[in-house]
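Coordinates as given in query-v2.txt (compact mmCIF, C-alpha atoms and all ligand atoms):
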```txt
# COMPACT_ATOMS: atom_id res chain seq x y z
CA MET A 22 0.00 0.00 0.00
CA LYS A 23 1.16 3.49 -0.84
CA PHE A 24 2.49 5.47 2.14
CA ASN A 25 2.20 9.16 1.33
CA PRO A 26 3.66 10.99 4.34
CA LEU A 27 2.00 14.26 3.37
CA LYS A 28 -1.36 12.55 3.95
CA GLU A 29 -0.42 10.69 7.16
CA LYS A 30 -1.00 12.01 10.66
CA GLY A 31 2.04 12.82 12.79
CA ILE A 32 2.66 13.69 16.43
CA PRO A 33 2.03 17.44 16.92
CA LEU A 34 5.03 19.58 17.88
CA GLU A 35 3.80 20.30 21.43
CA LYS A 36 3.79 16.55 22.14
CA GLN A 37 7.32 15.93 20.81
CA VAL A 38 9.19 17.04 23.93
CA ARG A 39 10.14 14.02 26.08
CA THR A 40 11.44 13.43 29.63
CA TRP A 41 15.10 12.81 30.42
CA HIS A 42 14.24 9.24 31.32
CA ASP A 43 12.51 8.71 28.01
CA ILE A 44 15.38 10.35 26.15
CA ALA A 45 18.30 8.58 27.79
CA SER A 46 17.34 5.30 29.43
CA ARG A 47 17.04 2.75 26.62
CA LYS A 48 19.93 0.47 25.59
CA TYR A 49 20.41 -2.76 23.68
CA ASN A 50 22.48 -5.73 24.75
CA LYS A 51 25.57 -6.01 22.54
CA ASN A 52 25.60 -9.80 22.89
CA ASP A 53 22.13 -10.47 21.59
CA VAL A 54 21.24 -7.53 19.37
CA ASP A 55 20.83 -8.41 15.69
CA CYS A 56 23.65 -6.86 13.66
CA TYR A 57 21.14 -5.11 11.43
CA SER A 58 19.34 -3.57 14.40
CA ARG A 59 22.75 -2.16 15.31
CA THR A 60 23.33 -0.88 11.77
CA ARG A 61 19.94 0.85 11.85
CA GLN A 62 20.84 2.43 15.19
CA ILE A 63 24.19 3.66 13.81
CA LEU A 64 22.65 5.02 10.63
CA MET A 65 19.74 6.79 12.31
CA ASN A 66 22.11 8.49 14.70
CA GLY A 67 23.90 9.90 11.65
CA ILE A 68 20.58 10.99 10.11
CA GLU A 69 19.68 12.92 13.27
CA VAL A 70 23.10 14.56 13.51
CA GLU A 71 22.71 15.79 9.94
CA ALA A 72 19.11 16.97 10.57
CA TRP A 73 20.24 18.98 13.60
CA ASN A 74 23.33 20.36 11.89
CA PHE A 75 21.47 21.38 8.76
CA LYS A 76 18.83 23.24 10.80
CA HIS A 77 21.51 25.28 12.57
CA ASN A 78 23.01 26.13 9.21
CA PHE A 79 19.60 27.18 7.85
CA ALA A 80 18.87 29.18 11.03
CA ARG A 81 22.02 31.24 10.45
CA ASN A 82 20.83 32.04 6.94
CA THR A 83 17.18 33.04 7.23
CA SER A 84 15.38 36.23 8.20
CA HIS A 85 11.91 34.66 8.03
CA GLN A 86 10.50 34.68 11.58
CA ASP A 87 8.16 31.69 11.17
CA THR A 88 11.01 29.63 9.70
CA SER A 89 13.37 30.64 12.54
CA GLU A 90 10.74 29.59 15.07
CA PHE A 91 10.13 26.23 13.43
CA LEU A 92 13.88 25.59 13.28
CA ALA A 93 14.39 26.68 16.89
CA GLN A 94 11.70 24.34 18.15
CA THR A 95 12.59 21.30 16.07
CA LYS A 96 16.38 21.50 16.53
CA ARG A 97 15.76 20.50 20.14
CA ILE A 98 13.58 17.60 19.01
CA GLU A 99 16.12 16.33 16.46
CA ASP A 100 18.82 16.61 19.12
CA ALA A 101 16.86 14.58 21.67
CA GLN A 102 16.14 11.95 19.02
CA GLN A 103 19.87 11.74 18.38
CA THR A 104 20.57 11.18 22.08
CA THR A 105 18.01 8.39 22.36
CA ILE A 106 19.36 6.60 19.31
CA ASN A 107 23.09 7.03 19.86
CA TRP A 108 22.83 6.05 23.51
CA LEU A 109 21.10 2.79 22.66
CA ALA A 110 24.67 1.52 22.28
CA PRO A 111 25.63 0.01 25.65
CA CYS A 112 28.67 1.28 27.55
CA ASP A 113 30.41 -2.10 27.28
CA GLN A 114 30.49 -1.95 23.47
CA SER A 115 34.09 -1.01 22.70
CA VAL A 116 35.14 1.65 20.23
CA LEU A 117 36.50 -0.99 17.85
CA GLU A 118 33.32 -3.08 18.08
CA THR A 119 31.28 0.03 17.27
CA THR A 120 33.71 0.80 14.47
CA LEU A 121 33.05 -2.60 12.87
CA GLY A 122 29.36 -1.72 13.08
CA TYR A 123 29.99 1.60 11.32
CA GLU A 124 31.82 -0.07 8.43
CA GLN A 125 29.16 -2.79 8.22
CA VAL A 126 26.63 0.02 7.77
CA ALA A 127 28.76 1.56 5.03
CA VAL A 128 29.24 -1.70 3.12
CA ASP A 129 25.74 -3.14 3.30
CA LEU A 130 23.94 0.19 2.97
CA THR A 131 25.96 1.35 -0.03
CA ALA A 132 25.55 -2.04 -1.73
CA TRP A 133 21.77 -1.92 -1.21
CA MET A 134 21.56 1.63 -2.54
CA ALA A 135 23.72 0.90 -5.56
CA GLN A 136 21.25 -1.80 -6.60
CA ASN A 137 18.27 0.52 -6.06
CA GLU A 138 19.68 3.65 -7.60
CA PRO A 139 18.01 4.75 -10.85
CA ASP A 140 20.79 7.16 -11.90
CA LYS A 141 23.67 5.22 -13.50
CA TYR A 142 26.38 7.74 -12.67
CA VAL A 143 25.26 7.95 -9.02
CA LYS A 144 25.24 4.14 -8.87
CA GLU A 145 28.79 4.06 -10.22
CA THR A 146 29.85 6.48 -7.48
CA PHE A 147 28.19 4.30 -4.83
CA ASP A 148 30.02 1.22 -6.15
CA PHE A 149 33.27 3.15 -6.05
CA GLY A 150 32.85 4.17 -2.40
CA LEU A 151 31.64 0.69 -1.47
CA LEU A 152 35.02 -0.94 -2.13
CA GLU A 153 36.76 1.62 0.07
CA ASP A 154 34.60 1.07 3.14
CA PHE A 155 34.89 -2.65 2.49
CA ASP A 156 38.65 -2.32 2.86
CA HIS A 157 38.30 -0.24 6.04
CA LEU A 158 36.30 -3.07 7.60
CA TYR A 159 39.13 -5.50 6.80
CA ARG A 160 41.77 -3.26 8.44
CA TYR A 161 39.70 -2.58 11.57
CA ALA A 162 38.81 -6.26 11.91
CA GLN A 163 42.51 -7.03 12.43
CA TRP A 164 42.62 -4.45 15.20
CA ALA A 165 39.49 -5.72 16.93
CA TYR A 166 41.27 -9.05 17.20
CA MET A 167 44.65 -7.62 18.23
CA ILE A 168 43.21 -5.33 20.92
CA HIS A 169 40.16 -7.21 22.19
CA GLY A 170 40.78 -10.75 20.98
CA ILE A 171 37.43 -10.94 19.21
CA SER A 172 36.33 -12.35 15.89
CA PRO A 173 34.79 -9.75 13.55
CA ASP A 174 31.77 -12.03 13.43
CA ASN A 175 30.95 -11.08 17.04
CA ILE A 176 29.68 -7.90 15.43
CA LEU A 177 29.06 -8.83 11.77
CA GLN A 178 27.30 -12.12 12.58
CA GLY A 179 28.38 -13.75 9.34
CA ASN A 180 26.49 -11.29 7.15
CA THR A 181 29.38 -9.22 5.80
CA ASP A 182 32.69 -10.49 4.42
CA VAL A 183 36.05 -9.38 5.76
CA MET A 184 38.83 -9.15 3.20
CA LEU A 185 40.87 -6.58 1.39
CA GLY A 186 39.10 -4.21 -0.98
CA ARG A 187 40.67 -1.32 -2.84
CA PRO A 188 43.64 -0.80 -0.49
CA THR A 189 43.10 2.09 1.94
CA GLN A 190 46.43 3.71 1.04
CA ASN A 191 45.00 4.26 -2.46
CA HIS A 192 41.89 6.05 -1.18
CA HIS A 193 43.81 9.27 -0.62
CA ASN A 194 42.96 11.48 -3.54
CA CYS A 195 43.45 15.02 -4.68
CA ASN A 196 40.41 16.68 -3.06
CA ILE A 197 39.49 18.32 -6.33
CA ILE A 198 39.09 15.08 -8.26
CA ARG A 199 36.87 13.64 -5.49
CA LEU A 200 34.25 16.14 -6.70
CA ARG A 201 31.63 14.42 -8.86
CA LYS A 202 28.93 15.66 -11.24
CA PRO A 203 25.80 16.89 -9.44
CA TYR A 204 22.35 15.60 -10.41
CA ASP A 205 19.87 17.99 -11.99
CA LYS A 206 17.27 18.79 -9.32
CA SER A 207 14.49 19.07 -11.90
CA LYS A 208 15.19 15.60 -13.32
CA ALA A 209 16.51 13.48 -10.43
CA THR A 210 14.04 11.16 -8.72
CA PRO A 211 13.18 11.38 -4.99
CA GLN A 212 14.93 7.99 -4.63
CA THR A 213 18.23 9.44 -5.88
CA LYS A 214 17.96 12.53 -3.66
CA VAL A 215 17.11 10.51 -0.55
CA ASN A 216 19.78 7.88 -1.25
CA ILE A 217 22.48 10.52 -1.49
CA LEU A 218 21.36 12.46 1.57
CA THR A 219 21.18 9.23 3.60
CA LEU A 220 24.66 8.21 2.57
CA VAL A 221 26.12 11.68 3.19
CA ALA A 222 24.66 11.58 6.72
CA GLY A 223 26.09 8.11 7.32
CA GLU A 224 29.57 8.97 6.03
CA GLN A 225 29.64 12.25 7.94
CA GLN A 226 28.79 10.48 11.19
CA THR A 227 31.45 7.82 10.51
CA HIS A 228 33.97 10.59 10.04
CA ASN A 229 32.81 12.25 13.27
CA TYR A 230 32.94 9.00 15.22
CA TYR A 231 36.53 8.31 14.17
CA GLY A 232 37.44 11.91 14.97
CA GLU A 233 35.93 11.63 18.46
CA HIS A 234 37.19 8.13 19.29
CA GLY A 235 40.29 7.33 17.25
CA PHE A 236 42.52 8.29 20.17
CA ALA A 237 40.81 5.90 22.58
CA TYR A 238 43.60 3.32 22.43
CA GLY A 239 47.24 3.52 23.51
CA SER A 240 48.63 2.03 20.31
CA GLU A 241 50.35 4.63 18.15
CA LEU A 242 49.72 2.54 15.04
CA LEU A 243 46.01 2.26 15.76
CA ARG A 244 45.75 6.02 16.30
CA GLU A 245 47.38 6.52 12.92
CA THR A 246 45.09 3.94 11.31
CA TYR A 247 42.04 5.84 12.62
CA ALA A 248 43.56 9.10 11.35
CA GLU A 249 44.18 7.57 7.93
CA ILE A 250 40.66 6.14 7.59
CA LYS A 251 38.99 9.22 9.09
CA ASP A 252 40.53 11.24 6.28
CA VAL A 253 39.01 8.87 3.73
CA GLU A 254 35.60 9.36 5.36
CA GLU A 255 36.14 13.09 4.92
CA GLU A 256 36.74 12.39 1.22
CA HIS A 257 33.57 10.29 1.13
CA VAL A 258 31.49 13.17 2.51
CA THR A 259 33.04 15.45 -0.10
CA MET A 260 32.40 12.95 -2.89
CA TYR A 261 28.80 12.08 -2.06
CA GLU A 262 27.68 15.63 -1.21
CA SER A 263 29.08 16.84 -4.54
CA LEU A 264 26.40 14.71 -6.24
CA ILE A 265 23.72 17.07 -4.86
CA ASP A 266 22.50 19.85 -7.13
CA PRO A 267 24.05 22.98 -5.58
CA THR A 268 21.16 25.16 -6.75
CA GLU A 269 18.63 23.57 -4.38
CA SER A 270 17.32 26.31 -2.07
CA PHE A 271 17.35 26.07 1.72
CA TYR A 272 13.60 25.38 1.66
CA GLU A 273 14.04 22.58 -0.86
CA LYS A 274 16.82 21.16 1.30
CA LEU A 275 14.67 21.41 4.42
CA LEU A 276 11.92 19.50 2.67
CA LEU A 277 14.39 16.84 1.56
CA HIS A 278 15.93 16.51 5.00
CA GLU A 279 12.57 15.91 6.67
CA PHE A 280 11.51 13.59 3.85
CA THR A 281 14.75 11.61 4.25
CA GLU A 282 14.07 11.27 7.97
CA VAL A 283 10.55 10.03 7.21
CA CYS A 284 11.78 7.52 4.62
CA THR A 285 14.61 6.14 6.75
CA TYR A 286 12.42 5.76 9.85
CA HIS A 287 9.70 4.17 7.77
CA ASN A 288 12.21 1.73 6.31
CA CYS A 289 13.62 0.93 9.78
CA TYR A 290 10.15 0.46 11.23
CA GLU A 291 9.15 -1.96 8.48
CA ASP A 292 12.32 -4.06 8.84
CA GLU A 293 12.84 -4.05 12.60
CA GLU A 294 12.17 -7.15 14.69
CA ASN A 295 13.60 -5.89 17.98
CA GLU A 296 10.55 -4.56 19.87
CA LYS A 297 12.45 -1.91 21.82
CA LEU A 298 13.91 -0.41 18.65
CA LYS A 299 10.73 -0.82 16.62
CA ALA A 300 8.82 1.32 19.13
CA ILE A 301 11.42 4.06 18.71
CA TRP A 302 11.30 3.95 14.91
CA GLU A 303 7.49 4.12 15.02
CA GLU A 304 7.36 7.10 17.38
CA PHE A 305 10.12 9.00 15.58
CA LEU A 306 8.48 8.37 12.21
CA ALA A 307 5.35 10.09 13.53
CA ILE A 308 7.47 13.01 14.77
CA GLU A 309 9.12 13.36 11.36
CA ILE A 310 5.78 13.26 9.55
CA ASP A 311 4.83 16.37 11.51
CA HIS A 312 8.16 18.07 10.71
CA LEU A 313 7.64 17.23 7.04
CA HIS A 314 4.17 18.81 7.03
CA THR A 315 5.55 22.11 8.32
CA ALA A 316 8.53 21.98 5.94
CA ALA A 317 6.03 21.44 3.08
CA GLU A 318 3.96 24.44 4.22
CA LEU A 319 7.04 26.68 4.37
CA PHE A 320 8.12 25.42 0.94
CA LYS A 321 4.71 26.29 -0.54
CA LYS A 322 4.70 29.71 1.12
CA TYR A 323 8.20 30.84 0.17
CA GLU A 324 8.90 28.91 -3.03
CA LYS A 325 5.33 28.93 -4.38
CA ARG A 326 5.71 25.35 -5.58
CA ASP A 327 4.08 22.03 -4.86
CA PRO A 328 6.26 19.91 -2.49
CA GLN A 329 5.23 16.78 -4.36
CA GLU A 330 7.28 17.98 -7.33
CA VAL A 331 10.32 17.38 -5.13
CA ILE A 332 9.40 14.42 -2.92
CA GLY A 333 6.77 12.63 -4.95
CA GLU A 334 3.70 10.98 -3.47
CA GLU A 335 5.12 8.10 -1.48
CA VAL A 336 8.06 7.11 0.65
CA VAL A 337 11.14 5.51 -0.87
CA HIS A 338 13.28 2.86 0.80
CA PRO A 339 16.87 3.99 1.17
CA CYS A 340 18.11 1.75 3.97
CA HIS A 341 17.08 -1.87 3.84
CA PHE A 342 19.79 -4.02 5.44
CA GLU A 343 20.51 -7.57 4.41
CA SER A 344 23.61 -9.57 3.55
CA GLN A 345 25.22 -8.23 0.35
CA LYS A 346 28.14 -10.64 0.08
CA GLU A 347 27.38 -11.70 -3.46
CA TYR A 348 27.01 -8.18 -4.81
CA VAL A 349 30.09 -6.89 -2.99
CA GLY A 350 32.16 -9.85 -4.26
CA LYS A 351 31.10 -9.09 -7.81
CA ILE A 352 32.01 -5.40 -7.58
CA LEU A 353 35.29 -6.32 -5.89
CA ASN A 354 36.29 -8.65 -8.72
CA GLU A 355 35.31 -6.15 -11.38
CA GLN A 356 36.41 -2.82 -9.89
CA ILE A 357 39.22 -3.15 -7.35
CA ASP A 358 41.49 -1.37 -9.84
CA LYS A 359 39.10 1.53 -10.47
CA ARG A 360 40.31 5.06 -9.66
CA LEU A 361 38.97 8.61 -9.90
CA GLY A 362 39.47 10.37 -13.21
CA THR A 363 40.15 14.09 -13.52
CA ASP A 364 37.02 14.81 -15.61
CA LYS A 365 34.63 13.61 -12.89
CA ASP A 366 34.88 10.20 -14.55
CA TYR A 367 36.48 6.89 -13.56
CA LEU A 368 39.65 5.20 -14.80
CA TYR A 369 41.38 1.89 -14.30
CA VAL A 370 44.88 1.59 -12.83
CA LYS A 371 46.38 0.60 -16.17
CA ASP A 372 45.13 3.84 -17.74
CA LEU A 373 46.32 6.28 -15.06
CA PRO A 374 48.47 9.03 -16.59
CA ASP A 375 51.95 9.63 -15.14
CA ASP A 376 50.81 12.99 -13.82
CA TRP A 377 47.61 11.66 -12.19
CA ALA A 378 46.43 14.28 -9.66
CA SER A 379 46.26 11.92 -6.66
CA TYR A 380 49.85 10.66 -6.81
CA GLU A 381 51.16 13.75 -5.10
CA ILE A 382 48.92 13.50 -2.03
CA GLN A 383 49.52 9.75 -1.81
CA LYS A 384 53.26 10.33 -1.80
CA THR A 385 53.04 13.12 0.77
CA VAL A 386 50.79 11.40 3.35
CA GLY A 387 52.49 8.05 2.79
CA GLU A 388 56.04 9.27 3.13
CA ASP A 389 56.51 7.48 6.49
CA GLY A 390 54.41 4.51 5.38
CA SER A 391 50.73 3.61 5.51
CA PRO A 392 49.32 2.57 8.92
CA SER A 393 46.63 0.46 7.23
CA GLU A 394 49.35 -1.56 5.44
CA VAL A 395 51.47 -1.90 8.57
CA THR A 396 48.36 -3.21 10.36
CA ILE A 397 48.50 -6.31 8.16
CA ARG A 398 52.23 -6.72 8.76
CA VAL A 399 51.71 -6.58 12.54
CA ILE A 400 48.95 -9.18 12.64
CA ALA A 401 50.95 -11.40 10.25
CA GLU A 402 53.89 -11.12 12.62
CA GLN A 403 51.73 -12.46 15.45
CA LYS A 404 49.54 -14.95 13.61
CA GLU A 405 51.36 -15.67 10.34
CA ARG A 406 48.50 -14.19 8.44
CA ASP A 407 45.58 -11.72 8.40
CA ILE A 408 41.93 -12.41 9.25
CA ILE A 409 39.83 -13.04 6.16
CA LEU A 410 36.19 -14.10 6.34
CA ALA A 411 34.93 -14.75 2.82
CA SER A 412 33.98 -17.50 0.38
CA ASP A 413 36.81 -19.82 -0.72
CA GLU A 414 36.52 -18.33 -4.19
CA LEU A 415 37.25 -14.82 -2.93
CA LYS A 416 39.87 -15.98 -0.45
CA ASN A 417 41.81 -17.80 -3.14
CA ASN A 418 41.75 -14.67 -5.22
CA VAL A 419 43.39 -12.29 -2.74
CA SER A 420 46.86 -12.19 -4.23
CA LYS A 421 45.49 -11.85 -7.77
CA LEU A 422 43.20 -9.03 -6.68
CA MET A 423 46.08 -7.26 -4.94
CA LYS A 424 48.15 -7.53 -8.10
CA LYS A 425 45.30 -6.02 -10.10
CA ALA A 426 44.89 -3.17 -7.56
CA THR A 427 48.56 -2.21 -7.49
CA GLN A 428 49.33 1.23 -8.93
CA LYS A 429 52.66 1.83 -10.58
CA ASP A 430 53.18 4.90 -8.39
CA GLY A 431 51.88 6.22 -5.05
CA MET A 432 52.37 2.93 -3.17
CA THR A 433 54.18 3.08 0.20
CA GLU A 434 57.33 1.10 0.89
CA ASP A 435 55.56 -1.04 3.47
CA THR A 436 52.85 -2.18 1.02
CA VAL A 437 51.94 -5.83 1.55
CA THR A 438 52.75 -7.39 -1.81
CA PRO A 439 50.72 -9.96 -3.78
CA GLU A 440 53.49 -12.47 -3.05
CA GLU A 441 53.18 -11.83 0.67
CA TYR A 442 49.42 -12.34 0.47
CA GLN A 443 50.08 -15.59 -1.37
CA GLU A 444 52.42 -16.68 1.40
CA MET A 445 49.96 -15.75 4.16
CA SER A 446 47.20 -17.71 2.47
CA LYS A 447 49.07 -20.94 3.15
CA HIS A 448 48.38 -20.54 6.86
CA GLU A 449 45.22 -20.91 8.82
CA PHE A 450 44.17 -18.12 11.18
CA LEU A 451 43.68 -19.51 14.67
CA MET A 452 41.47 -17.29 16.82
CA SER A 453 42.82 -18.42 20.18
FE FE A 501 14.77 13.79 13.51
FE FE A 502 34.87 3.54 5.94
FE FE A 503 33.07 5.76 4.05
FE FE A 504 12.98 16.14 11.54
```

Is it possible to give me this structure as structure tokens?
Amino acid sequence: MKFNPLKEKGIPLEKQVRTWHDIASRKYNKNDVDCYSRTRQILMNGIEVEAWNFKHNFARNTSHQDTSEFLAQTKRIEDAQQTTINWLAPCDQSVLETTLGYEQVAVDLTAWMAQNEPDKYVKETFDFGLLEDFDHLYRYAQWAYMIHGISPDNILQGNTDVMLGRPTQNHHNCNIIRLRKPYDKSKATPQTKVNILTLVAGEQQTHNYYGEHGFAYGSELLRETYAEIKDVEEEHVTMYESLIDPTESFYEKLLLHEFTEVCTYHNCYEDEENEKLKAIWEEFLAIEIDHLHTAAELFKKYEKRDPQEVIGEEVVHPCHFESQKEYVGKILNEQIDKRLGTDKDYLYVKDLPDDWASYEIQKTVGEDGSPSEVTIRVIAEQKERDIILASDELKNNVSKLMKKATQKDGMTEDTVTPEEYQEMSKHEFLMS
């Protein structure tokens, strides 16, 4: 049945303020929560951070009194929603465990979106980012074992593979060539707009989380690994946000932010089996429906346009979580050697020009080596090999894939070579 949020009833603004107990008391149990309940929790925290942030930005740029008042009132609501959702994570869930959750969000969310994205160029950009977050998960999984002695499956629950993707040291690009072509706001579908905004919010929160927690451990190498990957998340925010038409007005953006909140909560509510979380998604969906109604009224008043021209007549589904191993494996085999071109296009390693714009930054940041490469050397020192959780077909392909991914320039001296991967593959990883 069609769910048109403009025709649904929400919770009125005066009933959206909650008690401290209601805001802060709920938590899940890290040992029995479903991994996709956790990914929803991580994503929706990012959605609320973006909603709150955007409203502050808008508030600093409007002289319309009714708009300022709406923003002032709902910023507090978005902020309290963020607290409830972020603090669902229990205090005994370590930073590295949460980090594996963040990268599981990135991998499985981006893979889902790529398959449900009507715009081919946007899809290609999603596939490109997918292989980078997939590699981050592999690097952090080694650390979760080395620091806490846990299998990545404690968090991933067998739904997401762990193995190298496009190597992290090759994610460092000239910031200018990260910029992609924006969609045309008059032609792009609501699905495309919501997909991008959802992913921007997720990547931004991942960046923020690493920035706020990457110093939580005493290991110098782990600090540097967080710093290296955090910088890639910064590139991801830059890349995905550049897909948005820069001529969208603040009112159009407000409408799209509230619509994205509605769609993501609706999607979470439909998929959720954990009763505690489902109740939150249901209540927050009703809150967002009310926000959307006001955003639509302001849009009509100040833009003199019909909101349905922008958001359509029904919700879209940007964030369904399920195992994406097959799709990710396919993209990995086909695109590990893909790189950013200078004309907002994509190139393969074999076609990179000698003066490729990203070589310089890769050489500069990698002058003392790449922490994400050294990570593999350190675990191999202890255990004779790295942790890989993937099908035999993918596992047997690691050294070949690494060979394919190798650039002729911009690789650090401590790069783990295809031959070394071949050697490691002869050993079995023993967890204990
Ligand atoms: Fe919200
Ligand atoms: Fe990542
Ligand atoms: Fe990312
Ligand atoms: Fe909202």

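Using only C-alpha atoms, the shortest contact distance between Glu279 of chain A and any of A:Gln345, A:Thr219, A:Ser420, A:Asn229 is found at A:Thr219.
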
| said: Can you pull out the residues contacting Thr268 of chain A? Cut-off 12 Å, using all atoms listed in the file, and skip same-chain residues under 4 positions away; I want them as JSON, numbers by chain. | reply: {"A": [203, 204, 205, 206, 207, 263, 264, 272, 273, 274]}

| Contact residues around His341 of chain A with all atoms listed in the file at 9 Å, ignoring same-chain residues under 6 positions, as a list in words | Arg61, Asp129, Leu130, Trp133, Met134, Thr285, Asn288, Cys289 and Asp292 of chain A

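Of the listed residues (A:Leu368, A:Met167, A:Leu275, A:Leu121), A:Leu275 comes nearest to Thr315 of chain A; the distances count all atoms listed in the file.
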
| said: I want to know what sits within 12 Å of Met260 of chain A, based on only C-alpha atoms, with residues of the same chain fewer than 3 positions away left out; could you give that as a ChimeraX atom specification? | reply: /A:143,146-147,149-150,192,194-203,217-218,220-221,224-225,253-257,263-265,361,365

| Taking all atoms listed in the file into account, which residues are within 8 Å of ligand FE 502 (chain A), as a PyMOL selection string? | chain A and resi 123-124+127+153-158+224+227+250-251+253-254

| Neighbour residues at most 12 Å from (9.5, 0.9, 17.2) (all atoms listed in the file) as JSON, numbers by chain | {"A": [58, 61, 62, 106, 286, 287, 288, 289, 290, 291, 292, 293, 294, 295, 296, 297, 298, 299, 300, 301, 302, 303, 304, 305, 306, 307]}

| said: Let me see if you get this right: every residue at most 8 Å from ligand FE 501 (chain A), counting only C-alpha atoms and all ligand atoms, written as a VMD selection string. | reply: chain A and resid 68 to 69 72 to 73 98 to 100 102 to 103 279 282 305 308 to 309

| query | Which polymer residues have any atom within 9 Å of an atom of Pro439 of chain A, counting all atoms listed in the file, with same-chain residues fewer than 5 positions away left out, as an NGL selection string? | reply | :A and (419-424 or 427 or 444)

Output C-alpha atoms for every residue in that selection, as an mmCIF file, in the frame of the given file.
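Saved as out20.cif:
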```cif
data_model
loop_
_atom_site.group_PDB
_atom_site.id
_atom_site.type_symbol
_atom_site.label_atom_id
_atom_site.label_comp_id
_atom_site.auth_asym_id
_atom_site.auth_seq_id
_atom_site.Cartn_x
_atom_site.Cartn_y
_atom_site.Cartn_z
ATOM 1 C CA VAL A 419 43.390 -12.290 -2.740
ATOM 2 C CA SER A 420 46.860 -12.190 -4.230
ATOM 3 C CA LYS A 421 45.490 -11.850 -7.770
ATOM 4 C CA LEU A 422 43.200 -9.030 -6.680
ATOM 5 C CA MET A 423 46.080 -7.260 -4.940
ATOM 6 C CA LYS A 424 48.150 -7.530 -8.100
ATOM 7 C CA THR A 427 48.560 -2.210 -7.490
ATOM 8 C CA GLU A 444 52.420 -16.680 1.400
#
```

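Distances here use all atoms listed in the file; by that measure, the residue among A:Glu241, A:Asp435, A:Glu145, A:Glu35 closest to Glu388 of chain A is A:Asp435.
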
| message | Could you list, as a PyMOL selection string, every residue within 8 Å of segment 405-418 of chain A, counting only C-alpha atoms and ignoring same-chain residues fewer than 4 positions away? | response | chain A and resi 159+162-163+182-184+350+397+400-401+422+445-446+448-450

| remark: Atom pair atom CA of Gly333 of chain A + atom CA of Tyr142 of chain A, distance 21.6 Å

| message | Using only C-alpha atoms for the distances, tell me which of A:Arg244, A:His314, A:Lys36, A:Lys208 is nearest to Tyr161 of chain A. | response | A:Arg244

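For the atom pair formed by atom CA of Tyr166 of chain A and atom CA of Gln443 of chain A, the distance is 21.6 Å, given to one decimal.
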
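With all atoms listed in the file as the atoms that count, the minimum distance from Lys359 of chain A to the choices A:His234, A:Lys76, A:Lys371, A:Arg398 is reached by A:Lys371.
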
| query | Which is closer to ligand FE 504 (chain A) than all the others in A:Asn50, A:Gln190, A:Asn175, A:Thr281, using all atoms listed in the file? | reply | A:Thr281

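The space separating atom CA of Asn66 of chain A from atom CA of Glu269 of chain A comes to 24.6 Å.
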
Quick one: what's the axis-aligned box for segment 297-313 of chain A, all listed atoms, 6 Å on every side, centre and edges in Å to one decimal, as lines of an AutoDock Vina configuration file?
```
center_x = 9.4
center_y = 8.1
center_z = 14.4
size_x = 21.1
size_y = 32.0
size_z = 26.8
```
